[in-house]
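Pasting structure.txt here (compact mmCIF, C-alpha atoms):
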# COMPACT_ATOMS: atom_id res chain seq x y z
CA MET A 1428 85.96 -97.22 -17.55
CA ARG A 1429 84.03 -100.29 -16.36
CA ARG A 1430 80.98 -101.60 -18.12
CA GLU A 1431 77.83 -101.84 -16.03
CA PRO A 1432 76.96 -105.43 -15.05
CA HIS A 1433 74.74 -106.94 -17.70
CA GLU A 1434 73.10 -110.15 -18.76
CA ASN A 1435 73.67 -111.79 -22.14
CA VAL A 1436 70.30 -112.53 -23.70
CA ALA A 1437 68.77 -113.56 -26.98
CA THR A 1438 65.80 -111.48 -28.06
CA VAL A 1439 63.14 -113.78 -29.50
CA LEU A 1440 59.64 -113.26 -30.87
CA VAL A 1441 57.54 -116.23 -29.74
CA ASP A 1442 54.11 -117.35 -30.87
CA PRO A 1443 52.04 -116.97 -27.67
CA ARG A 1444 50.58 -120.47 -28.14
CA LEU A 1445 54.11 -121.93 -27.88
CA LEU A 1446 55.39 -119.73 -25.06
CA PRO A 1447 54.39 -121.92 -22.04
CA ASP A 1448 55.88 -125.09 -23.58
CA LEU A 1449 59.00 -123.30 -24.81
CA GLU A 1450 59.54 -121.78 -21.37
CA LEU A 1451 59.39 -125.23 -19.73
CA GLU A 1452 61.74 -126.72 -22.32
CA LEU A 1453 64.28 -123.92 -21.81
CA MET A 1454 63.97 -123.99 -18.00
CA ALA A 1455 64.98 -127.66 -18.05
CA MET A 1456 68.25 -126.51 -19.66
CA ASP A 1457 68.80 -123.67 -17.17
CA LEU A 1458 67.80 -121.08 -19.77
CA GLN A 1459 65.55 -118.37 -18.38
CA VAL A 1460 62.68 -116.82 -20.35
CA TRP A 1461 61.72 -113.24 -19.52
CA PRO A 1462 58.71 -111.81 -21.40
CA VAL A 1463 59.77 -108.21 -22.04
CA ARG A 1464 56.30 -106.93 -21.12
CA THR A 1465 56.72 -108.11 -17.51
CA ALA A 1466 60.52 -108.11 -17.13
CA PRO A 1467 61.56 -106.57 -13.80
CA ILE A 1468 64.09 -104.27 -15.49
CA CYS A 1469 61.47 -102.53 -17.66
CA THR A 1470 59.82 -99.44 -16.21
CA ASP A 1471 57.25 -99.52 -19.03
CA GLY A 1472 57.21 -103.16 -20.12
CA PRO A 1473 54.31 -102.96 -22.59
CA ARG A 1474 55.93 -100.03 -24.41
CA THR A 1475 59.35 -101.70 -24.46
CA ALA A 1476 57.79 -104.91 -25.81
CA PHE A 1477 55.99 -102.95 -28.53
CA GLN A 1478 59.19 -101.15 -29.53
CA ILE A 1479 61.27 -104.33 -29.67
CA ARG A 1480 58.62 -106.18 -31.69
CA ARG A 1481 58.22 -103.25 -34.11
CA LYS A 1482 61.98 -102.88 -34.61
CA LEU A 1483 62.40 -106.58 -35.39
CA LEU A 1484 59.44 -106.60 -37.78
CA MET A 1485 60.61 -103.47 -39.60
CA GLN A 1486 64.14 -104.86 -40.03
CA HIS A 1487 62.71 -107.76 -42.01
CA ARG A 1488 60.46 -105.70 -44.31
CA GLY A 1489 57.51 -108.06 -44.34
CA ALA A 1490 59.33 -111.38 -43.96
CA TRP A 1491 58.38 -111.60 -40.27
CA ASP A 1492 54.87 -110.10 -40.54
CA LEU A 1493 53.30 -113.32 -39.22
CA ALA A 1494 54.97 -112.45 -35.88
CA ALA A 1495 53.17 -109.09 -35.57
CA ASP A 1496 51.24 -110.30 -32.50
CA TRP A 1497 53.92 -112.54 -31.03
CA THR A 1498 55.48 -112.06 -27.61
CA PRO A 1499 58.98 -110.57 -27.39
CA VAL A 1500 61.06 -112.37 -24.77
CA TRP A 1501 64.62 -112.29 -23.55
CA VAL A 1502 66.26 -115.67 -23.02
CA GLY A 1503 69.08 -115.58 -20.48
CA PHE A 1504 71.53 -118.17 -19.23
CA GLY A 1505 71.23 -119.61 -15.73
CA PRO A 1506 74.07 -120.19 -13.26
CA SER A 1507 75.05 -123.61 -14.64
CA TRP A 1508 76.23 -121.94 -17.86
CA HIS A 1509 78.55 -119.48 -16.13
CA ALA A 1510 82.07 -119.99 -14.79
CA GLY A 1511 82.85 -116.88 -12.76
CA ASP A 1512 83.83 -113.94 -14.94
CA GLU A 1513 84.65 -116.13 -17.93
CA PRO A 1514 82.76 -115.42 -21.16
CA LEU A 1515 79.66 -117.47 -21.84
CA PRO A 1516 80.78 -120.77 -23.44
CA TRP A 1517 79.88 -121.48 -27.04
CA ALA A 1518 78.05 -124.60 -25.85
CA ALA A 1519 75.50 -122.30 -24.21
CA HIS A 1520 74.89 -120.48 -27.49
CA ALA A 1521 74.64 -123.77 -29.38
CA ALA A 1522 72.14 -125.23 -26.90
CA LEU A 1523 69.87 -122.20 -27.20
CA TRP A 1524 70.03 -122.01 -31.00
CA GLN A 1525 69.28 -125.73 -31.26
CA VAL A 1526 66.11 -125.43 -29.18
CA LEU A 1527 64.94 -122.34 -31.05
CA ASP A 1528 65.68 -123.96 -34.43
CA GLY A 1529 63.45 -126.85 -33.36
CA HIS A 1530 60.52 -124.43 -33.12
CA GLY A 1531 61.29 -122.52 -36.31
CA ASP A 1532 57.64 -122.07 -37.33
CA HIS A 1533 56.80 -120.41 -34.01
CA VAL A 1534 59.83 -118.26 -33.20
CA ARG A 1535 61.79 -115.51 -34.91
CA PHE A 1536 65.26 -114.48 -33.71
CA HIS A 1537 68.70 -113.35 -34.77
CA ARG A 1538 71.52 -115.75 -33.96
CA ARG A 1539 73.31 -113.33 -31.63
CA LEU A 1540 73.14 -112.11 -28.06
CA GLY A 1541 72.57 -108.65 -26.70
CA GLY A 1542 73.06 -107.19 -23.25
CA VAL A 1543 70.43 -105.99 -20.79
CA PRO A 1544 70.75 -104.95 -17.14
CA ARG A 1545 70.92 -107.95 -14.80
CA LEU A 1546 67.70 -109.94 -14.58
CA SER A 1547 67.45 -111.69 -11.24
CA LEU A 1548 65.03 -114.27 -9.97
CA PRO A 1549 62.99 -113.45 -6.87
CA ARG A 1550 64.77 -114.66 -3.73
CA ASP A 1551 62.22 -117.37 -2.95
CA ILE A 1552 62.77 -118.88 -6.41
CA ALA A 1553 66.53 -118.36 -6.67
CA ALA A 1554 67.27 -120.19 -3.41
What would the structure in this file look like if it were written as structure tokens?
Amino acid sequence: MRREPHENVATVLVDPRLLPDLELELMAMDLQVWPVRTAPICTDGPRTAFQIRRKLLMQHRGAWDLAADWTPVWVGFGPSWHAGDEPLPWAAHAALWQVLDGHGDHVRFHRRLGGVPRLSLPRDIAA
């Protein structure tokens, strides 16, 4: 049985005031930010974003309540981090965690990756 192709992503709650700057910082490192609300793999992005945010907030029983209005995003790894079918290198994880740690007051995340269906850039951008 083969696993469906997927993308390794970190799920992050981001203060909307930080999101544009964080996205630029991560893009410079070939890390791709996908707001869940508008992600091309979501048939009902707003609902999926609500569910992800709610789940993360409930898991922390009040500790993350300041993030109740924050934007859930998936952060994926661009082509420079991949080497064929090899697993994602630990350096990729470390680079992402370091950036997120630097914005600790404006992001909430678990230090682990999940899998979502492949997120692909539009052809005019990917080329």
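Distances here use all atoms listed in the file; by that measure, the residue among A:Ala1522, A:Val1436, A:Val1502, A:Val1460 closest to Gly1541 (chain A) is A:Val1436.
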Size and centre in Å, one decimal, axis-aligned box, all listed region 1523-1531 of chain A atoms plus 4 Å per side, as lines of an AutoDock Vina configuration file:
center_x = 65.3
center_y = -124.4
center_z = -31.8
size_x = 17.5
size_y = 12.8
size_z = 17.1
If we count only C-alpha atoms, what is near Phe1504 (chain A) at a cut-off of 10 Å, once residues fewer than 5 positions away on the same chain are taken out, given as a short mmCIF file (atom, residue, chain, number, x, y, z; two decimals) with C-alpha atoms, keeping the file's coordinate frame?
data_model
loop_
_atom_site.label_atom_id
_atom_site.label_comp_id
_atom_site.auth_asym_id
_atom_site.auth_seq_id
_atom_site.Cartn_x
_atom_site.Cartn_y
_atom_site.Cartn_z
CA GLU A 1434 73.10 -110.15 -18.76
CA ASN A 1435 73.67 -111.79 -22.14
CA VAL A 1436 70.30 -112.53 -23.70
CA ALA A 1437 68.77 -113.56 -26.98
CA LEU A 1453 64.28 -123.92 -21.81
CA MET A 1454 63.97 -123.99 -18.00
CA MET A 1456 68.25 -126.51 -19.66
CA ASP A 1457 68.80 -123.67 -17.17
CA LEU A 1458 67.80 -121.08 -19.77
CA GLN A 1459 65.55 -118.37 -18.38
CA VAL A 1460 62.68 -116.82 -20.35
CA HIS A 1509 78.55 -119.48 -16.13
CA LEU A 1515 79.66 -117.47 -21.84
CA ALA A 1519 75.50 -122.30 -24.21
CA HIS A 1520 74.89 -120.48 -27.49
CA LEU A 1523 69.87 -122.20 -27.20
#
Go through region 1430-1469 of chain A residue by residue and, counting all atoms listed in the file, keep those with an atom at most 10 Å from region 1483-1491 of chain A; for each kept residue give the shortest atom pair and its distance in Å to one decimal, ordered by chain and increasing number, as CSV.
residue,atom,partner,partner_atom,distance
A:Thr1438,CA,A:Leu1483,CA,9.4
A:Val1439,CA,A:Leu1483,CA,9.3
A:Leu1440,CA,A:Leu1483,CA,8.5
Q: Write out as a PyMOL selection string which residues come within 10 Å of His1530 (chain A) when counting all atoms listed in the file, dropping same-chain ones fewer than 5 positions away.
A: chain A and resi 1441-1442+1445+1449+1525+1535
Q. Counting only C-alpha atoms, which of A:Ala1518, A:Ala1494, A:Val1500, A:Leu1446 gets nearest to Val1463 (chain A)?
A.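 So, comparing all the options, the nearest one is A:Val1500.
In this model, the gap between CA of Gly1505 (chain A) and CA of Leu1546 (chain A) comes to 10.4 Å.
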Q | Between CA of Pro1506 (chain A) and CA of Ile1468 (chain A) - distance in Å to one decimal | A |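 A separation of 18.9 Å between them.
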**Q.** Straight-line distance linking CA of Val1543 (chain A) with CA of Ser1507 (chain A), stated in Å to one decimal
**A.**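 Atom-to-atom, CA of Val1543 (chain A) to CA of Ser1507 (chain A), that is 19.2 Å.
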(Q) Measuring between all atoms listed in the file, which one of A:Pro1544, A:Gly1503, A:Gly1511, A:Pro1473 shows the shortest distance to Trp1461 (chain A)? (A) A:Gly1503
